[in-house]
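Okay, so here's the structure we're looking at.
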Amino acid sequence: MNEMSTQLFEQAKKIIPGGVNSPVRAFKAVGGLPVFMREAHGARITDVDGREYVDYVMSWGPLILGHAHPAVVEAIKDQAGKGTSYGAPTPLEVGLAELIIEAFPAMEMVRMMSSGTEAVMTAIRLARAFTGREKIVKFEGCYHGHADSLLVKAGSGVATLGIPGSPGVPKHLAELTLTVPFNDQASIANVFEVHGQEIAGVIVEPVAGNMGVVTPNPGFLKKLRELTKAHDSLLVFDEVITGFRLTWGGYQGIAGIDPDLTCLGKIIGGGLPVGAVGGKRIIMEQLAPLGPVYQAGTLSGNPLAMTAGLTTLALLQHSTDCYEAMDRLAFSLCEEMKPLFSRKGIPVTINRMGSMFTVFFTSEPVSDFASASRADKEMFARFFRGMLKNGISLPPSQFEAWFLSLAHNHEDMDETLAACASTLKNL
Ligand code: HOZ
């Protein structure tokens with residue numbers, strides 16, 4: 001049935017480690033063989049064997065307008081005809097920087113790069129240089145890309161594959177990363193009590209998306225702001241996923257928190273490779289060529305990514321209720337899924353924030369990595385396989401977020417609910 005995918009996977013395994021270019025895609029946590037994709041439009045994606053799925057991976061977050069949005073495609077085509085990369089500044093990157101700064105009051109300057117990993121790597125370097133300190137604090141189950149300092153107790157693929165840390169990360173570097181359970185105000189206060197004067201910064205996904213969706217408890221982010229301020233450490237918000245996903249701007253706007261640095265990616269590149277770090281002028285001016293902190297990139301501010309990002313953001317900015325519409329659709333999908341599970345006696349906890357959500361196979365609330373890890377991953381894997389068979393593409397791990405886009409509609413929801421009911425019948 002998946003003839004072409006099977007054949008391509010065999011071919012890929014010989015020349016690409018694990019047959020994939022990013023580990024979670026290998027389906028190791030859910031069993032079965034990865035599905036190779038051919039094309040996608042709106043909320044639908046088609047595999048190389050011609051099977052169509054309602055997509056909830058949505059390229060892991062960037063495609064808030066849906067796949068191949070005509071305006072984004074047109075903008076990319078138009079720019080491609082004028083050149084794909086110049087290695088020189090362009091008006092496009094100035095335009096995107098202005099739009100981002102307008103949407104993020106905490107940012108006075110922003111630097112573009114090519115991935116979220118790069119953005120976070122740069123933020124950490126800036127925090128260390130600005131404070132003259134070396135330790136950083138991250139939260140268990142949060143994932144900030146694959147830079148050395150941040151692969152400690154990380155979520156996403158690291159959690160999916162059960163990798164405790166990564167060989168190749170120097171021990172002395174890993175020792176500079178302190179980890180604390182997400183939402184645990186007492187533990188973070190304790191870490192500051194012991195190490196306060198050594199901490200360069202705290203990095204957090206304000207709404208965690210890489211241990212599955214885990215929302216911040218009231219007061220948690222505020223506590224981080226208070227502690228970092230009191231100890232002259234920097235607060236870094238990793239809004240690579242949440243930036244422009246939940247509102248115009250970042251979750252920081254919703255939470256009323258003013259971080260020192262913010263990392264962005266995904267949506268601001270409209271589906272093309274992008275990353276950005278921004279923040280207070282006094283910190284950002286440390287970056288070369290103004291200051292001594294080095295960061296550079298051949299494809300930084302790439303015109304194709306900038307135009308795709310600008311087009312995406314312009315459409316979001318000028319829509320009157322895009323976030324409310326996605327919120328309503330996601331709410332009704334989650335609410336209508338719940339009784340399907342409970343009728344089958346399968347306990348689930350659905351965590352949701354706007355258009356991002358995760359169905360955890362557990363009856364207990366999921367508020368940190370420990371509770372996320374207690375979910376029944378085998379049950380998730382069986383559910384995943386059933387949904388895939390029934391035409392629904394979910395992220396192939398319990399520790400990831402499902403994404404809705406503006407292209408998803410009621411018909412997609414009905415199909416998803418029918419697939420869910422039929423999958424559960426045979427679970
Ligand atoms: N770490 C990414 C999701 N949180 C996976 C990226 C990918 O496989 O494309």
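Numbering starts fresh at 1 for the residues of each chain in the structure tokens, the chains themselves are lettered A, B, ... in the order given, and ligands are numbered from 1 as they appear.
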
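The protein and nucleic acid residues lying at most 10 Å from range 20-23 of chain A are A:Phe9, A:Ala12, A:Lys13, A:Pro34, A:Phe36, A:Ser156, A:Gly157, A:Val158, A:Thr160, A:Leu161, with only C-alpha atoms considered and sequence neighbours fewer than 6 positions away removed.
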
Q: Could you give me, as a ChimeraX atom specification, each residue of range 256-375 of chain A that DSSP assigns to strand (DSSP E or B) when run on this structure's backbone?
A: /A:261-265,275-279,287,293,349-353,356-360

Q: Skip Cys142 in chain A itself and residues of its chain fewer than 2 positions away, then list as a ChimeraX atom specification all residues within 12 Å of it, counting only C-alpha atoms.
A: /A:137-140,144-146,150-159,179-183,202-215,237-241,368-370,372,399-400

Q: Find the residues around Thr228 in chain A up to 12 Å (only C-alpha atoms counted), leave out those fewer than 2 positions away in its own chain, and share them as JSON, numbers by chain.
A: {"A": [127, 131, 136, 137, 188, 189, 191, 192, 193, 195, 196, 197, 198, 199, 200, 201, 202, 203, 221, 222, 223, 224, 225, 226, 230, 231, 232, 233, 234, 235, 236, 258, 259, 260]}

Would you put the residues from that selection into a file with N, CA and C atoms, as a short mmCIF file (atom, residue, chain, number, x, y, z; two decimals), in the first residue's frame?
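Generated output (part-v2.cif):
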data_model
loop_
_atom_site.label_atom_id
_atom_site.label_comp_id
_atom_site.auth_asym_id
_atom_site.auth_seq_id
_atom_site.Cartn_x
_atom_site.Cartn_y
_atom_site.Cartn_z
N ALA A 127 23.64 36.41 26.07
CA ALA A 127 23.38 36.46 27.52
C ALA A 127 24.69 36.27 28.29
N THR A 131 26.33 39.43 30.46
CA THR A 131 26.39 39.34 31.93
C THR A 131 27.79 38.97 32.42
N ILE A 136 23.50 28.77 32.42
CA ILE A 136 22.15 29.10 31.94
C ILE A 136 21.15 28.11 32.56
N VAL A 137 19.92 28.54 32.63
CA VAL A 137 18.88 27.66 33.18
C VAL A 137 17.87 27.38 32.08
N ILE A 188 12.88 26.85 40.80
CA ILE A 188 13.64 27.91 40.11
C ILE A 188 14.13 28.93 41.14
N ALA A 189 13.30 29.18 42.16
CA ALA A 189 13.73 30.12 43.20
C ALA A 189 14.94 29.55 43.93
N VAL A 191 17.17 27.43 42.70
CA VAL A 191 18.35 27.49 41.81
C VAL A 191 18.97 28.89 41.88
N PHE A 192 18.12 29.90 41.90
CA PHE A 192 18.65 31.27 41.98
C PHE A 192 19.28 31.55 43.34
N GLU A 193 18.72 30.94 44.37
CA GLU A 193 19.29 31.16 45.70
C GLU A 193 20.72 30.62 45.75
N HIS A 195 22.71 29.62 42.90
CA HIS A 195 23.62 29.98 41.80
C HIS A 195 23.40 31.39 41.26
N GLY A 196 22.52 32.15 41.90
CA GLY A 196 22.07 33.44 41.36
C GLY A 196 23.14 34.28 40.69
N GLN A 197 24.30 34.39 41.31
CA GLN A 197 25.34 35.29 40.77
C GLN A 197 26.09 34.71 39.58
N GLU A 198 25.82 33.42 39.28
CA GLU A 198 26.53 32.78 38.14
C GLU A 198 25.63 32.62 36.91
N ILE A 199 24.35 32.96 37.06
CA ILE A 199 23.39 32.66 35.98
C ILE A 199 23.32 33.80 34.96
N ALA A 200 23.72 33.46 33.73
CA ALA A 200 23.66 34.45 32.64
C ALA A 200 22.22 34.67 32.21
N GLY A 201 21.47 33.60 32.12
CA GLY A 201 20.10 33.76 31.66
C GLY A 201 19.25 32.52 31.87
N VAL A 202 17.96 32.76 31.80
CA VAL A 202 16.97 31.67 31.86
C VAL A 202 16.29 31.64 30.51
N ILE A 203 16.23 30.45 29.90
CA ILE A 203 15.53 30.35 28.62
C ILE A 203 14.30 29.46 28.78
N LEU A 221 5.62 32.51 34.69
CA LEU A 221 6.49 33.35 33.86
C LEU A 221 6.85 34.65 34.59
N LYS A 222 5.89 35.14 35.37
CA LYS A 222 6.14 36.36 36.14
C LYS A 222 7.26 36.12 37.16
N LYS A 223 7.25 34.94 37.74
CA LYS A 223 8.29 34.57 38.71
C LYS A 223 9.67 34.58 38.03
N LEU A 224 9.70 34.06 36.81
CA LEU A 224 10.98 34.03 36.08
C LEU A 224 11.48 35.45 35.84
N ARG A 225 10.54 36.34 35.49
CA ARG A 225 10.93 37.74 35.25
C ARG A 225 11.47 38.36 36.55
N GLU A 226 10.78 38.09 37.66
CA GLU A 226 11.20 38.68 38.93
C GLU A 226 12.59 38.18 39.34
N ALA A 230 15.99 40.37 39.61
CA ALA A 230 16.61 40.53 40.93
C ALA A 230 18.08 40.09 40.93
N HIS A 231 18.44 39.18 40.01
CA HIS A 231 19.81 38.66 40.01
C HIS A 231 20.61 39.14 38.80
N ASP A 232 20.11 40.16 38.10
CA ASP A 232 20.81 40.69 36.92
C ASP A 232 21.11 39.62 35.88
N SER A 233 20.20 38.66 35.77
CA SER A 233 20.31 37.65 34.70
C SER A 233 19.34 38.05 33.60
N LEU A 234 19.52 37.47 32.42
CA LEU A 234 18.60 37.79 31.33
C LEU A 234 17.49 36.75 31.22
N LEU A 235 16.33 37.21 30.83
CA LEU A 235 15.22 36.30 30.57
C LEU A 235 15.06 36.18 29.05
N VAL A 236 15.17 34.94 28.57
CA VAL A 236 15.07 34.70 27.13
C VAL A 236 13.80 33.89 26.85
N ASP A 258 7.95 41.13 29.79
CA ASP A 258 8.88 41.86 28.95
C ASP A 258 10.24 41.14 29.00
N PRO A 259 10.47 40.13 28.16
CA PRO A 259 11.76 39.43 28.24
C PRO A 259 12.90 40.29 27.70
N ASP A 260 14.13 39.94 28.07
CA ASP A 260 15.28 40.70 27.57
C ASP A 260 15.58 40.34 26.13
#

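For Glu336 in chain A, the set of protein, DNA and RNA residues having any atom at most 10 Å away, when counting only C-alpha atoms and skipping those fewer than 6 positions along the same chain, is A:Ala330, A:Met413, A:Asp414, A:Leu417.
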
Can those selected residues be exported to a file as a compact mmCIF listing (two decimals), in the first residue's frame so that it contains all heavy atoms?
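File out_14.txt, as written:
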# COMPACT_ATOMS: atom_id res chain seq x y z
N ALA A 330 -10.12 24.91 16.94
CA ALA A 330 -9.33 23.99 17.77
C ALA A 330 -10.12 23.60 19.02
O ALA A 330 -10.12 22.44 19.44
CB ALA A 330 -8.00 24.63 18.16
N MET A 413 -12.40 18.99 10.20
CA MET A 413 -12.68 18.58 11.58
C MET A 413 -13.57 17.35 11.58
O MET A 413 -13.34 16.40 12.33
CB MET A 413 -13.38 19.71 12.36
CG MET A 413 -12.58 21.00 12.48
SD MET A 413 -10.95 20.83 13.23
CE MET A 413 -9.89 20.92 11.80
N ASP A 414 -14.61 17.37 10.73
CA ASP A 414 -15.53 16.22 10.68
C ASP A 414 -14.78 14.96 10.28
O ASP A 414 -14.98 13.89 10.86
CB ASP A 414 -16.68 16.50 9.68
CG ASP A 414 -17.62 17.57 10.22
OD1 ASP A 414 -17.54 17.88 11.44
OD2 ASP A 414 -18.41 18.11 9.43
N LEU A 417 -12.73 13.78 13.23
CA LEU A 417 -13.54 13.15 14.28
C LEU A 417 -13.99 11.75 13.84
O LEU A 417 -13.97 10.80 14.64
CB LEU A 417 -14.74 14.03 14.62
CG LEU A 417 -14.38 15.33 15.35
CD1 LEU A 417 -15.54 16.31 15.36
CD2 LEU A 417 -13.90 15.05 16.78

Q: Might you pull out every residue within 12 Å of Ser5 in chain A, with only C-alpha atoms counted and same-chain residues fewer than 5 positions away left off, and present them as JSON, numbers by chain?
A: {"A": [10, 11, 12, 13, 19, 26, 32, 33, 34, 35, 36, 37, 38, 46, 47, 48, 49, 50, 51]}

Any chance you could export the current selection's C-alpha atoms as a compact mmCIF listing (two decimals), in the first residue's frame?
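Full text of again.txt as output:
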# COMPACT_ATOMS: atom_id res chain seq x y z
CA GLU A 10 15.13 1.81 1.89
CA GLN A 11 17.02 4.02 -0.56
CA ALA A 12 17.35 6.87 1.95
CA LYS A 13 18.61 4.65 4.79
CA GLY A 19 16.81 7.65 6.34
CA ALA A 26 11.73 8.35 11.31
CA GLY A 32 5.75 1.64 11.05
CA LEU A 33 7.67 3.31 8.26
CA PRO A 34 7.87 7.04 7.66
CA VAL A 35 5.56 8.37 4.99
CA PHE A 36 7.32 10.31 2.24
CA MET A 37 5.34 13.31 1.05
CA ARG A 38 4.83 14.58 -2.47
CA THR A 46 -0.42 13.92 -0.18
CA ASP A 47 2.14 11.16 0.07
CA VAL A 48 4.22 9.68 -2.74
CA ASP A 49 1.73 6.81 -3.06
CA GLY A 50 -1.08 9.27 -3.70
CA ARG A 51 -2.83 9.02 -0.29

Q: Would you kindly return, as a PyMOL selection string, each protein, DNA or RNA residue with an atom no farther than 8 Å from any atom of Thr312 in chain A, considering only C-alpha atoms and excluding same-chain residues fewer than 3 positions away?
A: chain A and resi 65+72+267-270+308-309+315-316

Would you write out those residues with N, CA and C atoms, as a compact mmCIF listing (two decimals), in the first residue's frame?
# COMPACT_ATOMS: atom_id res chain seq x y z
N LEU A 65 -0.87 29.73 7.53
CA LEU A 65 -1.84 30.02 6.46
C LEU A 65 -2.24 28.75 5.72
N VAL A 72 1.73 33.45 -0.74
CA VAL A 72 3.12 33.15 -0.36
C VAL A 72 3.86 32.55 -1.56
N ILE A 267 6.98 30.75 11.78
CA ILE A 267 5.99 31.57 11.06
C ILE A 267 6.62 32.77 10.37
N ILE A 268 7.64 33.38 10.98
CA ILE A 268 8.21 34.60 10.38
C ILE A 268 8.95 34.30 9.06
N GLY A 269 9.11 33.01 8.75
CA GLY A 269 9.72 32.66 7.46
C GLY A 269 8.71 32.07 6.50
N GLY A 270 7.43 32.06 6.91
CA GLY A 270 6.37 31.59 6.01
C GLY A 270 6.60 30.20 5.42
N ALA A 308 8.58 35.43 1.96
CA ALA A 308 7.55 34.48 2.43
C ALA A 308 7.05 34.91 3.82
N GLY A 309 7.99 35.35 4.67
CA GLY A 309 7.62 35.79 6.01
C GLY A 309 6.79 37.06 5.98
N LEU A 315 -0.67 39.07 5.91
CA LEU A 315 -2.02 38.48 5.88
C LEU A 315 -2.56 38.32 7.30
N LEU A 316 -1.70 37.95 8.23
CA LEU A 316 -2.15 37.81 9.63
C LEU A 316 -2.54 39.18 10.20

Q: Select from range 29-231 of chain A everything DSSP, run on the backbone, classes as helix (DSSP H, G or I), then give the selection as a PyMOL selection string.
A: chain A and resi 58-60+70-80+91-103+116-131+148-150+156-160+171-174+185-198+220-230

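For the choices A:Ala80, A:Ile350, A:Leu329, A:Val24, the atom-to-atom distance to ligand 1 is smallest for A:Val24 when using only C-alpha atoms and all ligand atoms.
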